[in-house]
Amino acid sequence: MPIQLRVDSYEAGVGAVGGLSTFHNNLYPRLVQRGFEVKTFSMRFNPELPIRENYKGVIIRRPSTDVDIDVAYAWTYDILHQYGIDVGYLTPSEIYYVPRYFTNFGVLPSPYIMSHADLFSPHDWMSFLRSALFAWLHPELIQAIFIHSTEPGRIGGIRHNNINGTSEKLNLDDFELMVKGDYGGSFYQGLRLIRDLEFPLTFKILHRHPDSALFTVSKIHRKEYLLGLRAHGMRFGLVEDRVFAVYHGVDTKEYRPMPGVEKKGFTIGFIGRCTPVKGIDIVPQVASILVKRIPDLRFHIVTKTEPDNPYYLSLMDKIRKMGLSNVIFIDNTFYTGEQKIKIINSWSLALVPSRYEPQGQVDLEAMSCGVVPAVGLGGLREKVVDGFDGIWINPNDPQETADKIFQFYKGRYKGRKSEELSRNCRESAEKIWDWEKRADVHKELYTYLVDGRVDDIARDLGDLLLPKPTLT
């Protein structure tokens, strides 16, 4: 009998464009090919999306209607209260800050009969209320809970600071606390309701259900989650052994080198959200240093955002005042599919200077295209090996970043030729990060959970969850 897997993912299937949909749409159809029956409940964030969809064998259902704020408030209040979480602060206005995540998805009943399922996998805070409900209604149903980022990190309360790579110690050395160095205050940034879903509620679900597990997307993100539990009053040692990190992958057939794509001069590319955590603000400083050294320098900054975004406007103003308008091209476009792949192939180097990045995806996409990534912090620093298939840069040090990029431009970085780094990128993507290989890992992982072997995962699957390249 195939494993009956039920998934909650607010992004899934056609029309979905975010990082979570990239994960869902790459992994779960491959599990269908490996004998799983996968059905996903997703959000109808666009009225043009179908209510029912078959996406490469994954059956996706979306809500046919919204509920009102009062219904969402009542369900949210009752579930949190049932788990002993303080709801004295909770009002309908808290939900109104992010209304449709609750009224179109978070508090709606699942369209699937969960008593028939072998495994339930909720993704991110939008799904954790349903996770809590199912842990109560179906205590025998194993859960593989995924958290892909946290509210304090997204808002900027904490930043990753694993300059030398992620340490094994479970302390704050790999983090920058943005609220005057205050641990609790930094982890209390963002909406309290979302933090209550991400931290105390997931802890209480795991504590209630000893055969289930929670998965983060990198070692530093696992550390971030556990330290976030402590900041929110949870004794994380009670669940620590069932919190694992597992890396994502990339489709190496889709993201591939395109020899016919023209590279104009030495082009440094950036693609990502126009926010401080992505490190886009270092581009003008780095460009001002490199333009004196590299005659054919060009920056291609792809950042789809609202034209009145203050951060975007300040970036544009800084570029103009520094006289870099002929060097830095701001591309306010959202590229997908072949267009995006061609854009990456047109770059000489991919710049990914994130200060907060639990996983990161563009580094893998660039590597798969044979384009060397220069990466910042977080999970990026775990998947990219400095001087082998990428470059580690410090997003808080534009001079160091420029110096390392210049070494690569001159043809050699850390003793390796730039062309060799490019070849290693593609080889790492094919040998380690290809989604076919990552799907095999998830198949093993979910089989262990269904068989009641959560205690054996770290021992038996640790090297598969967090693979490392063999340096040659």
# chains A, B, ... in the order shown; residues from 1 in each chain; ligands from 1
>>> residues_around(residues="Glu427 (chain A)", least_positions_apart="5", cutoff="12 Å", atoms="only C-alpha atoms", output="ChimeraX atom specification")
/A:252,256-257,364,367-372,388-389,420-422,432-434,469-472
>>> select_by_dssp(residues="region 165-308 of chain A", states="alpha helix (DSSP H)", output="CSV table (one decimal) with C-alpha atoms, in the first residue's frame")
chain,number,residue,atom,x,y,z
A,183,TYR,CA,17.8,38.2,23.2
A,184,GLY,CA,14.2,38.2,24.2
A,185,GLY,CA,13.4,41.6,22.5
A,186,SER,CA,15.0,40.5,19.2
A,187,PHE,CA,13.0,37.2,19.1
A,192,ARG,CA,2.8,38.0,18.3
A,193,LEU,CA,0.1,35.7,16.8
A,194,ILE,CA,2.4,34.5,14.2
A,195,ARG,CA,5.2,33.9,16.7
A,196,ASP,CA,2.7,32.0,18.9
A,202,THR,CA,4.6,23.8,17.4
A,203,PHE,CA,6.4,22.9,20.6
A,204,LYS,CA,3.2,21.8,22.3
A,205,ILE,CA,2.2,19.7,19.2
A,206,LEU,CA,5.6,17.9,19.3
A,207,HIS,CA,5.5,17.5,23.1
A,208,ARG,CA,2.0,16.0,22.8
A,219,LYS,CA,21.6,23.9,10.7
A,220,ILE,CA,21.5,27.6,11.6
A,221,HIS,CA,17.7,27.6,11.1
A,222,ARG,CA,17.3,24.6,13.5
A,223,LYS,CA,19.4,26.6,16.0
A,224,GLU,CA,17.2,29.7,15.4
A,225,TYR,CA,14.0,27.7,16.0
A,226,LEU,CA,15.3,26.1,19.2
A,227,LEU,CA,16.6,29.4,20.6
A,228,GLY,CA,13.3,31.0,19.6
A,229,LEU,CA,11.5,28.4,21.6
A,230,ARG,CA,13.5,29.3,24.7
A,231,ALA,CA,12.9,33.0,24.2
A,283,VAL,CA,25.4,46.9,-4.1
A,284,PRO,CA,26.1,50.7,-4.6
A,285,GLN,CA,29.1,50.5,-2.2
A,286,VAL,CA,30.5,47.4,-3.9
A,287,ALA,CA,29.9,48.8,-7.3
A,288,SER,CA,31.7,52.1,-6.4
A,289,ILE,CA,34.8,50.1,-5.5
A,290,LEU,CA,34.8,47.7,-8.4
>>> residues_around(residues="Pro210 (chain A)", least_positions_apart="3", cutoff="12 Å", atoms="only C-alpha atoms", output="short mmCIF file (atom, residue, chain, number, x, y, z; two decimals) with N, CA, C and O atoms, in the first residue's frame")
data_model
loop_
_atom_site.label_atom_id
_atom_site.label_comp_id
_atom_site.auth_asym_id
_atom_site.auth_seq_id
_atom_site.Cartn_x
_atom_site.Cartn_y
_atom_site.Cartn_z
N ALA A 135 -3.51 17.00 15.61
CA ALA A 135 -2.81 16.32 16.71
C ALA A 135 -3.78 15.97 17.83
O ALA A 135 -3.59 14.98 18.55
N PRO A 139 -4.62 11.49 17.24
CA PRO A 139 -3.33 11.36 17.94
C PRO A 139 -2.43 10.29 17.34
O PRO A 139 -1.23 10.28 17.59
N GLU A 140 -3.00 9.39 16.51
CA GLU A 140 -2.20 8.35 15.88
C GLU A 140 -1.58 8.82 14.56
O GLU A 140 -0.73 8.14 13.98
N LEU A 141 -2.00 9.97 14.06
CA LEU A 141 -1.52 10.47 12.77
C LEU A 141 -0.16 11.14 12.93
O LEU A 141 -0.03 12.15 13.62
N ILE A 142 0.87 10.57 12.29
CA ILE A 142 2.22 11.11 12.36
C ILE A 142 2.28 12.43 11.59
O ILE A 142 1.68 12.57 10.52
N GLN A 143 3.04 13.39 12.13
CA GLN A 143 3.18 14.66 11.46
C GLN A 143 4.66 14.97 11.18
O GLN A 143 5.52 14.77 12.04
N ALA A 144 4.92 15.42 9.96
CA ALA A 144 6.23 15.96 9.57
C ALA A 144 6.02 17.45 9.36
O ALA A 144 5.58 17.89 8.30
N PHE A 203 5.84 23.65 19.51
CA PHE A 203 6.43 22.93 20.64
C PHE A 203 5.40 22.05 21.32
O PHE A 203 5.66 20.87 21.61
N LYS A 204 4.23 22.58 21.58
CA LYS A 204 3.21 21.81 22.28
C LYS A 204 2.68 20.65 21.43
O LYS A 204 2.31 19.61 21.97
N ILE A 205 2.64 20.83 20.12
CA ILE A 205 2.24 19.72 19.24
C ILE A 205 3.27 18.61 19.33
O ILE A 205 2.92 17.43 19.49
N LEU A 206 4.57 18.95 19.23
CA LEU A 206 5.62 17.94 19.31
C LEU A 206 5.63 17.26 20.68
O LEU A 206 5.80 16.04 20.79
N HIS A 207 5.44 18.06 21.72
CA HIS A 207 5.46 17.50 23.07
C HIS A 207 4.29 16.55 23.28
O HIS A 207 4.41 15.53 23.98
N ALA A 213 7.80 14.85 14.10
CA ALA A 213 9.05 15.59 14.04
C ALA A 213 8.83 16.92 13.34
O ALA A 213 7.85 17.11 12.62
N LEU A 214 9.75 17.85 13.59
CA LEU A 214 9.72 19.15 12.93
C LEU A 214 11.01 19.32 12.15
O LEU A 214 12.10 18.95 12.62
N LEU A 238 13.06 19.32 25.61
CA LEU A 238 12.06 18.25 25.63
C LEU A 238 11.71 17.77 24.22
O LEU A 238 11.14 16.68 24.07
N VAL A 239 12.02 18.57 23.20
CA VAL A 239 11.70 18.17 21.82
C VAL A 239 12.91 18.24 20.91
O VAL A 239 12.82 17.91 19.72
N GLU A 240 14.05 18.65 21.42
CA GLU A 240 15.24 18.91 20.60
C GLU A 240 15.62 17.74 19.70
O GLU A 240 16.02 17.91 18.55
N ASP A 241 15.49 16.52 20.22
CA ASP A 241 15.90 15.34 19.46
C ASP A 241 14.97 15.01 18.30
O ASP A 241 15.27 14.12 17.50
N ARG A 242 13.84 15.73 18.21
CA ARG A 242 12.92 15.50 17.09
C ARG A 242 12.78 16.74 16.20
O ARG A 242 11.81 16.89 15.48
N VAL A 243 13.80 17.58 16.28
CA VAL A 243 13.88 18.74 15.38
C VAL A 243 15.12 18.54 14.51
O VAL A 243 16.23 18.43 15.02
N LEU A 449 9.41 7.85 9.64
CA LEU A 449 8.37 8.40 10.52
C LEU A 449 7.15 7.50 10.59
O LEU A 449 6.62 7.23 11.68
N GLY A 452 7.48 4.57 12.76
CA GLY A 452 7.70 4.83 14.17
C GLY A 452 9.16 4.88 14.57
O GLY A 452 9.51 4.62 15.73
N ARG A 453 10.04 5.27 13.63
CA ARG A 453 11.49 5.25 13.87
C ARG A 453 12.08 6.66 13.95
O ARG A 453 13.19 6.89 13.51
N VAL A 454 11.35 7.58 14.52
CA VAL A 454 11.85 8.95 14.61
C VAL A 454 13.16 9.00 15.38
O VAL A 454 14.04 9.83 15.08
N ASP A 455 13.36 8.11 16.35
CA ASP A 455 14.58 8.12 17.16
C ASP A 455 15.80 7.66 16.38
O ASP A 455 16.94 7.86 16.84
#
>>> select_by_dssp(residues="region 65-123 of chain A", states="strand (DSSP E)", output="list in words")
Leu119, Phe120, Ser121 and Pro122 of chain A
>>> residues_around(residues="region 258-274 of chain A", least_positions_apart="4", cutoff="8 Å", atoms="only C-alpha atoms", output="JSON, numbers by chain")
{"A": [278, 280, 294, 296, 297, 298, 299, 300, 301, 302, 303, 304, 305, 311, 312, 342, 344, 345, 346, 347, 348, 349, 350, 351, 352, 362, 369, 409]}
>>> residues_around(residues="Ala72 (chain A)", least_positions_apart="2", cutoff="9 Å", atoms="only C-alpha atoms", output="PDB file with N, CA, C and O atoms, in the first residue's frame")
ATOM      1  N   VAL A  67     -14.006  32.592   4.830  1.00  0.00           N
ATOM      2  CA  VAL A  67     -14.855  32.794   6.002  1.00  0.00           C
ATOM      3  C   VAL A  67     -14.594  34.209   6.511  1.00  0.00           C
ATOM      4  O   VAL A  67     -13.626  34.857   6.109  1.00  0.00           O
ATOM      5  N   ASP A  68     -15.458  34.704   7.401  1.00  0.00           N
ATOM      6  CA  ASP A  68     -15.250  36.071   7.873  1.00  0.00           C
ATOM      7  C   ASP A  68     -14.280  36.095   9.056  1.00  0.00           C
ATOM      8  O   ASP A  68     -13.901  35.064   9.613  1.00  0.00           O
ATOM      9  N   ILE A  69     -13.881  37.298   9.423  1.00  0.00           N
ATOM     10  CA  ILE A  69     -12.874  37.485  10.468  1.00  0.00           C
ATOM     11  C   ILE A  69     -13.318  36.878  11.789  1.00  0.00           C
ATOM     12  O   ILE A  69     -12.523  36.277  12.521  1.00  0.00           O
ATOM     13  N   ASP A  70     -14.608  36.985  12.118  1.00  0.00           N
ATOM     14  CA  ASP A  70     -15.094  36.468  13.400  1.00  0.00           C
ATOM     15  C   ASP A  70     -14.934  34.952  13.487  1.00  0.00           C
ATOM     16  O   ASP A  70     -14.589  34.410  14.537  1.00  0.00           O
ATOM     17  N   ALA A  74     -12.505  33.072  16.136  1.00  0.00           N
ATOM     18  CA  ALA A  74     -13.023  32.067  17.069  1.00  0.00           C
ATOM     19  C   ALA A  74     -12.210  30.776  17.003  1.00  0.00           C
ATOM     20  O   ALA A  74     -11.850  30.196  18.039  1.00  0.00           O
ATOM     21  N   TRP A  75     -11.921  30.300  15.784  1.00  0.00           N
ATOM     22  CA  TRP A  75     -11.149  29.066  15.634  1.00  0.00           C
ATOM     23  C   TRP A  75      -9.740  29.242  16.179  1.00  0.00           C
ATOM     24  O   TRP A  75      -9.220  28.370  16.875  1.00  0.00           O
ATOM     25  N   THR A  76      -9.125  30.373  15.849  1.00  0.00           N
ATOM     26  CA  THR A  76      -7.760  30.621  16.308  1.00  0.00           C
ATOM     27  C   THR A  76      -7.710  30.692  17.830  1.00  0.00           C
ATOM     28  O   THR A  76      -6.853  30.071  18.473  1.00  0.00           O
ATOM     29  N   TYR A  77      -8.644  31.405  18.405  1.00  0.00           N
ATOM     30  CA  TYR A  77      -8.717  31.554  19.863  1.00  0.00           C
ATOM     31  C   TYR A  77      -8.889  30.191  20.532  1.00  0.00           C
ATOM     32  O   TYR A  77      -8.148  29.837  21.459  1.00  0.00           O
ATOM     33  N   PRO A  92      -9.901  40.192  17.025  1.00  0.00           N
ATOM     34  CA  PRO A  92     -10.015  40.088  15.562  1.00  0.00           C
ATOM     35  C   PRO A  92      -9.039  40.987  14.818  1.00  0.00           C
ATOM     36  O   PRO A  92      -8.640  40.662  13.693  1.00  0.00           O
ATOM     37  N   ILE A  95      -5.847  39.287  13.634  1.00  0.00           N
ATOM     38  CA  ILE A  95      -5.997  38.509  12.420  1.00  0.00           C
ATOM     39  C   ILE A  95      -6.125  39.424  11.212  1.00  0.00           C
ATOM     40  O   ILE A  95      -5.686  39.094  10.104  1.00  0.00           O
ATOM     41  N   PRO A  99      -5.233  39.021   6.986  1.00  0.00           N
ATOM     42  CA  PRO A  99      -6.559  38.388   7.035  1.00  0.00           C
ATOM     43  C   PRO A  99      -6.725  37.143   6.179  1.00  0.00           C
ATOM     44  O   PRO A  99      -7.203  36.120   6.668  1.00  0.00           O
ATOM     45  N   PHE A 102      -5.758  33.582   7.134  1.00  0.00           N
ATOM     46  CA  PHE A 102      -6.655  32.901   8.059  1.00  0.00           C
ATOM     47  C   PHE A 102      -8.018  32.628   7.417  1.00  0.00           C
ATOM     48  O   PHE A 102      -8.531  31.518   7.503  1.00  0.00           O
ATOM     49  N   THR A 103      -8.603  33.633   6.780  1.00  0.00           N
ATOM     50  CA  THR A 103      -9.989  33.482   6.310  1.00  0.00           C
ATOM     51  C   THR A 103     -10.109  32.630   5.053  1.00  0.00           C
ATOM     52  O   THR A 103     -11.185  32.126   4.756  1.00  0.00           O
ATOM     53  N   GLY A 106      -6.048  29.300   6.751  1.00  0.00           N
ATOM     54  CA  GLY A 106      -5.548  28.820   8.030  1.00  0.00           C
ATOM     55  C   GLY A 106      -6.561  28.159   8.936  1.00  0.00           C
ATOM     56  O   GLY A 106      -6.215  27.248   9.683  1.00  0.00           O
ATOM     57  N   VAL A 107      -7.818  28.614   8.914  1.00  0.00           N
ATOM     58  CA  VAL A 107      -8.794  28.080   9.868  1.00  0.00           C
ATOM     59  C   VAL A 107      -9.877  27.249   9.183  1.00  0.00           C
ATOM     60  O   VAL A 107     -10.823  26.812   9.837  1.00  0.00           O
ATOM     61  N   LEU A 108      -9.748  26.996   7.902  1.00  0.00           N
ATOM     62  CA  LEU A 108     -10.763  26.204   7.205  1.00  0.00           C
ATOM     63  C   LEU A 108     -10.525  24.720   7.437  1.00  0.00           C
ATOM     64  O   LEU A 108      -9.383  24.268   7.512  1.00  0.00           O
TER      65      LEU A 108
END
>>> residues_around(residues="Val250 (chain A)", least_positions_apart="6", cutoff="12 Å", atoms="only C-alpha atoms", output="JSON, numbers by chain")
{"A": [19, 22, 23, 24, 25, 26, 27, 256, 360, 361, 362, 363, 364, 365, 366, 367, 368, 369, 426, 428, 429, 430, 431, 432, 433, 434, 435, 436, 437, 438, 439]}
>>> write_last_selection(atoms="N, CA, C and O atoms", output="tab-separated table (two decimals), in the first residue's frame")
chain	number	residue	atom	x	y	z
A	19	GLY	N	8.93	30.81	-2.68
A	19	GLY	CA	9.88	29.75	-2.32
A	19	GLY	C	9.21	28.48	-1.86
A	19	GLY	O	9.70	27.38	-2.13
A	22	THR	N	8.09	26.51	-4.82
A	22	THR	CA	9.25	25.87	-5.45
A	22	THR	C	9.56	24.55	-4.75
A	22	THR	O	9.81	23.52	-5.40
A	23	PHE	N	9.51	24.57	-3.42
A	23	PHE	CA	9.73	23.35	-2.64
A	23	PHE	C	8.64	22.33	-2.94
A	23	PHE	O	8.92	21.17	-3.28
A	24	HIS	N	7.39	22.74	-2.81
A	24	HIS	CA	6.27	21.81	-3.00
A	24	HIS	C	6.26	21.21	-4.40
A	24	HIS	O	6.15	19.99	-4.57
A	25	ASN	N	6.38	22.06	-5.39
A	25	ASN	CA	6.22	21.61	-6.77
A	25	ASN	C	7.38	20.76	-7.27
A	25	ASN	O	7.24	20.04	-8.25
A	26	ASN	N	8.52	20.85	-6.59
A	26	ASN	CA	9.64	19.99	-6.95
A	26	ASN	C	9.64	18.67	-6.18
A	26	ASN	O	9.97	17.63	-6.76
A	27	LEU	N	9.27	18.72	-4.91
A	27	LEU	CA	9.36	17.51	-4.09
A	27	LEU	C	8.18	16.56	-4.27
A	27	LEU	O	8.37	15.37	-4.56
A	256	ARG	N	20.00	24.96	-15.96
A	256	ARG	CA	21.10	24.34	-16.68
A	256	ARG	C	21.93	25.42	-17.39
A	256	ARG	O	21.43	26.51	-17.67
A	360	GLY	N	17.71	29.62	1.37
A	360	GLY	CA	18.24	30.18	0.13
A	360	GLY	C	18.00	29.23	-1.02
A	360	GLY	O	18.12	28.01	-0.88
A	361	GLN	N	17.64	29.79	-2.17
A	361	GLN	CA	17.38	28.96	-3.35
A	361	GLN	C	18.17	29.45	-4.56
A	361	GLN	O	18.63	28.63	-5.36
A	362	VAL	N	18.37	30.76	-4.67
A	362	VAL	CA	19.03	31.28	-5.87
A	362	VAL	C	20.48	30.82	-5.94
A	362	VAL	O	21.06	30.73	-7.03
A	363	ASP	N	21.10	30.51	-4.80
A	363	ASP	CA	22.47	29.97	-4.84
A	363	ASP	C	22.50	28.64	-5.58
A	363	ASP	O	23.37	28.40	-6.42
A	364	LEU	N	21.53	27.76	-5.27
A	364	LEU	CA	21.46	26.47	-5.95
A	364	LEU	C	21.10	26.63	-7.41
A	364	LEU	O	21.62	25.91	-8.27
A	365	GLU	N	20.20	27.58	-7.70
A	365	GLU	CA	19.80	27.81	-9.08
A	365	GLU	C	20.98	28.31	-9.91
A	365	GLU	O	21.19	27.88	-11.05
A	366	ALA	N	21.77	29.22	-9.33
A	366	ALA	CA	22.95	29.72	-10.03
A	366	ALA	C	23.97	28.60	-10.22
A	366	ALA	O	24.53	28.42	-11.32
A	367	MET	N	24.24	27.84	-9.17
A	367	MET	CA	25.20	26.74	-9.27
A	367	MET	C	24.79	25.76	-10.34
A	367	MET	O	25.63	25.27	-11.12
A	368	SER	N	23.50	25.45	-10.40
A	368	SER	CA	23.01	24.50	-11.39
A	368	SER	C	23.22	25.02	-12.81
A	368	SER	O	23.36	24.23	-13.75
A	369	CYS	N	23.23	26.35	-12.98
A	369	CYS	CA	23.49	26.97	-14.28
A	369	CYS	C	24.98	27.14	-14.55
A	369	CYS	O	25.36	27.68	-15.61
A	426	ARG	N	28.30	23.32	-11.16
A	426	ARG	CA	27.39	22.42	-11.88
A	426	ARG	C	27.52	20.99	-11.36
A	426	ARG	O	26.51	20.30	-11.19
A	428	SER	N	28.42	19.98	-8.32
A	428	SER	CA	27.79	19.89	-7.00
A	428	SER	C	26.28	19.81	-7.14
A	428	SER	O	25.62	19.04	-6.43
A	429	ALA	N	25.73	20.63	-8.04
A	429	ALA	CA	24.28	20.63	-8.23
A	429	ALA	C	23.81	19.26	-8.70
A	429	ALA	O	22.80	18.73	-8.22
A	430	GLU	N	24.53	18.67	-9.64
A	430	GLU	CA	24.11	17.37	-10.19
A	430	GLU	C	24.31	16.24	-9.19
A	430	GLU	O	23.46	15.36	-9.06
A	431	LYS	N	25.43	16.24	-8.47
A	431	LYS	CA	25.77	15.12	-7.60
A	431	LYS	C	25.08	15.18	-6.24
A	431	LYS	O	24.81	14.15	-5.63
A	432	ILE	N	24.81	16.41	-5.76
A	432	ILE	CA	24.32	16.56	-4.38
A	432	ILE	C	22.93	17.15	-4.32
A	432	ILE	O	22.06	16.65	-3.61
A	433	TRP	N	22.69	18.24	-5.07
A	433	TRP	CA	21.51	19.05	-4.84
A	433	TRP	C	20.34	18.76	-5.77
A	433	TRP	O	19.27	19.36	-5.61
A	434	ASP	N	20.53	17.88	-6.72
A	434	ASP	CA	19.44	17.59	-7.65
A	434	ASP	C	18.21	17.08	-6.90
A	434	ASP	O	18.33	16.26	-5.98
A	435	TRP	N	17.03	17.58	-7.29
A	435	TRP	CA	15.81	17.22	-6.57
A	435	TRP	C	15.51	15.72	-6.62
A	435	TRP	O	14.84	15.18	-5.73
A	436	GLU	N	15.98	15.02	-7.63
A	436	GLU	CA	15.77	13.57	-7.65
A	436	GLU	C	16.46	12.92	-6.46
A	436	GLU	O	15.90	12.01	-5.82
A	437	LYS	N	17.66	13.38	-6.16
A	437	LYS	CA	18.38	12.84	-5.00
A	437	LYS	C	17.75	13.30	-3.69
A	437	LYS	O	17.65	12.52	-2.73
A	438	ARG	N	17.30	14.56	-3.64
A	438	ARG	CA	16.68	15.04	-2.42
A	438	ARG	C	15.34	14.34	-2.18
A	438	ARG	O	14.95	14.09	-1.03
A	439	ALA	N	14.62	14.01	-3.25
A	439	ALA	CA	13.35	13.29	-3.10
A	439	ALA	C	13.58	11.90	-2.53
A	439	ALA	O	12.76	11.40	-1.74
>>> closest_residue(among="A:Asp182, A:Glu357, A:Asp211, A:Asp397", to="Gly378 (chain A)", atoms="only C-alpha atoms")
A:Glu357
>>> closest_residue(among="A:Phe41, A:Asp78, A:Asp86, A:Gly379", to="Ser64 (chain A)", atoms="only C-alpha atoms")
A:Phe41
>>> decode(residues="region 61-68 of chain A", atoms="all heavy atoms", output="mmCIF file, in the first residue's frame")
data_model
loop_
_atom_site.group_PDB
_atom_site.id
_atom_site.type_symbol
_atom_site.label_atom_id
_atom_site.label_comp_id
_atom_site.auth_asym_id
_atom_site.auth_seq_id
_atom_site.Cartn_x
_atom_site.Cartn_y
_atom_site.Cartn_z
ATOM 1 N N ARG A 61 -6.327 20.759 -3.627
ATOM 2 C CA ARG A 61 -7.630 21.380 -3.388
ATOM 3 C C ARG A 61 -7.418 22.752 -2.754
ATOM 4 O O ARG A 61 -6.529 22.942 -1.933
ATOM 5 C CB ARG A 61 -8.471 20.511 -2.438
ATOM 6 C CG ARG A 61 -8.827 19.123 -2.972
ATOM 7 C CD ARG A 61 -10.029 19.158 -3.896
ATOM 8 N NE ARG A 61 -11.217 19.651 -3.210
ATOM 9 C CZ ARG A 61 -12.050 18.877 -2.504
ATOM 10 N NH1 ARG A 61 -11.808 17.582 -2.381
ATOM 11 N NH2 ARG A 61 -13.112 19.405 -1.930
ATOM 12 N N ARG A 62 -8.268 23.693 -3.171
ATOM 13 C CA ARG A 62 -8.237 25.038 -2.606
ATOM 14 C C ARG A 62 -9.630 25.417 -2.128
ATOM 15 O O ARG A 62 -10.620 24.899 -2.645
ATOM 16 C CB ARG A 62 -7.744 26.048 -3.651
ATOM 17 C CG ARG A 62 -6.336 25.782 -4.163
ATOM 18 C CD ARG A 62 -5.888 26.848 -5.153
ATOM 19 N NE ARG A 62 -4.521 26.604 -5.625
ATOM 20 C CZ ARG A 62 -4.205 25.878 -6.688
ATOM 21 N NH1 ARG A 62 -5.182 25.326 -7.421
ATOM 22 N NH2 ARG A 62 -2.951 25.698 -7.033
ATOM 23 N N PRO A 63 -9.739 26.336 -1.160
ATOM 24 C CA PRO A 63 -11.063 26.720 -0.658
ATOM 25 C C PRO A 63 -11.913 27.350 -1.753
ATOM 26 O O PRO A 63 -11.416 28.115 -2.584
ATOM 27 C CB PRO A 63 -10.740 27.745 0.440
ATOM 28 C CG PRO A 63 -9.316 27.484 0.815
ATOM 29 C CD PRO A 63 -8.654 27.013 -0.430
ATOM 30 N N SER A 64 -13.177 27.023 -1.733
ATOM 31 C CA SER A 64 -14.105 27.609 -2.705
ATOM 32 C C SER A 64 -14.640 28.959 -2.230
ATOM 33 O O SER A 64 -15.233 29.706 -2.998
ATOM 34 C CB SER A 64 -15.280 26.662 -2.958
ATOM 35 O OG SER A 64 -15.946 26.354 -1.754
ATOM 36 N N THR A 65 -14.431 29.266 -0.930
ATOM 37 C CA THR A 65 -14.936 30.523 -0.382
ATOM 38 C C THR A 65 -14.094 30.920 0.816
ATOM 39 O O THR A 65 -13.341 30.102 1.368
ATOM 40 C CB THR A 65 -16.409 30.382 0.040
ATOM 41 O OG1 THR A 65 -16.909 31.659 0.449
ATOM 42 C CG2 THR A 65 -16.548 29.403 1.192
ATOM 43 N N ASP A 66 -14.190 32.172 1.223
ATOM 44 C CA ASP A 66 -13.559 32.653 2.450
ATOM 45 C C ASP A 66 -14.550 32.550 3.608
ATOM 46 O O ASP A 66 -15.758 32.423 3.399
ATOM 47 C CB ASP A 66 -13.142 34.117 2.306
ATOM 48 C CG ASP A 66 -11.983 34.319 1.342
ATOM 49 O OD1 ASP A 66 -11.618 33.351 0.641
ATOM 50 O OD2 ASP A 66 -11.452 35.432 1.286
ATOM 51 N N VAL A 67 -14.006 32.592 4.830
ATOM 52 C CA VAL A 67 -14.855 32.794 6.002
ATOM 53 C C VAL A 67 -14.594 34.209 6.511
ATOM 54 O O VAL A 67 -13.626 34.857 6.109
ATOM 55 C CB VAL A 67 -14.569 31.763 7.111
ATOM 56 C CG1 VAL A 67 -14.835 30.360 6.610
ATOM 57 C CG2 VAL A 67 -13.138 31.891 7.631
ATOM 58 N N ASP A 68 -15.458 34.704 7.401
ATOM 59 C CA ASP A 68 -15.250 36.071 7.873
ATOM 60 C C ASP A 68 -14.280 36.095 9.056
ATOM 61 O O ASP A 68 -13.901 35.064 9.613
ATOM 62 C CB ASP A 68 -16.575 36.757 8.212
ATOM 63 C CG ASP A 68 -17.339 36.085 9.340
ATOM 64 O OD1 ASP A 68 -16.693 35.578 10.279
ATOM 65 O OD2 ASP A 68 -18.582 36.078 9.291
#
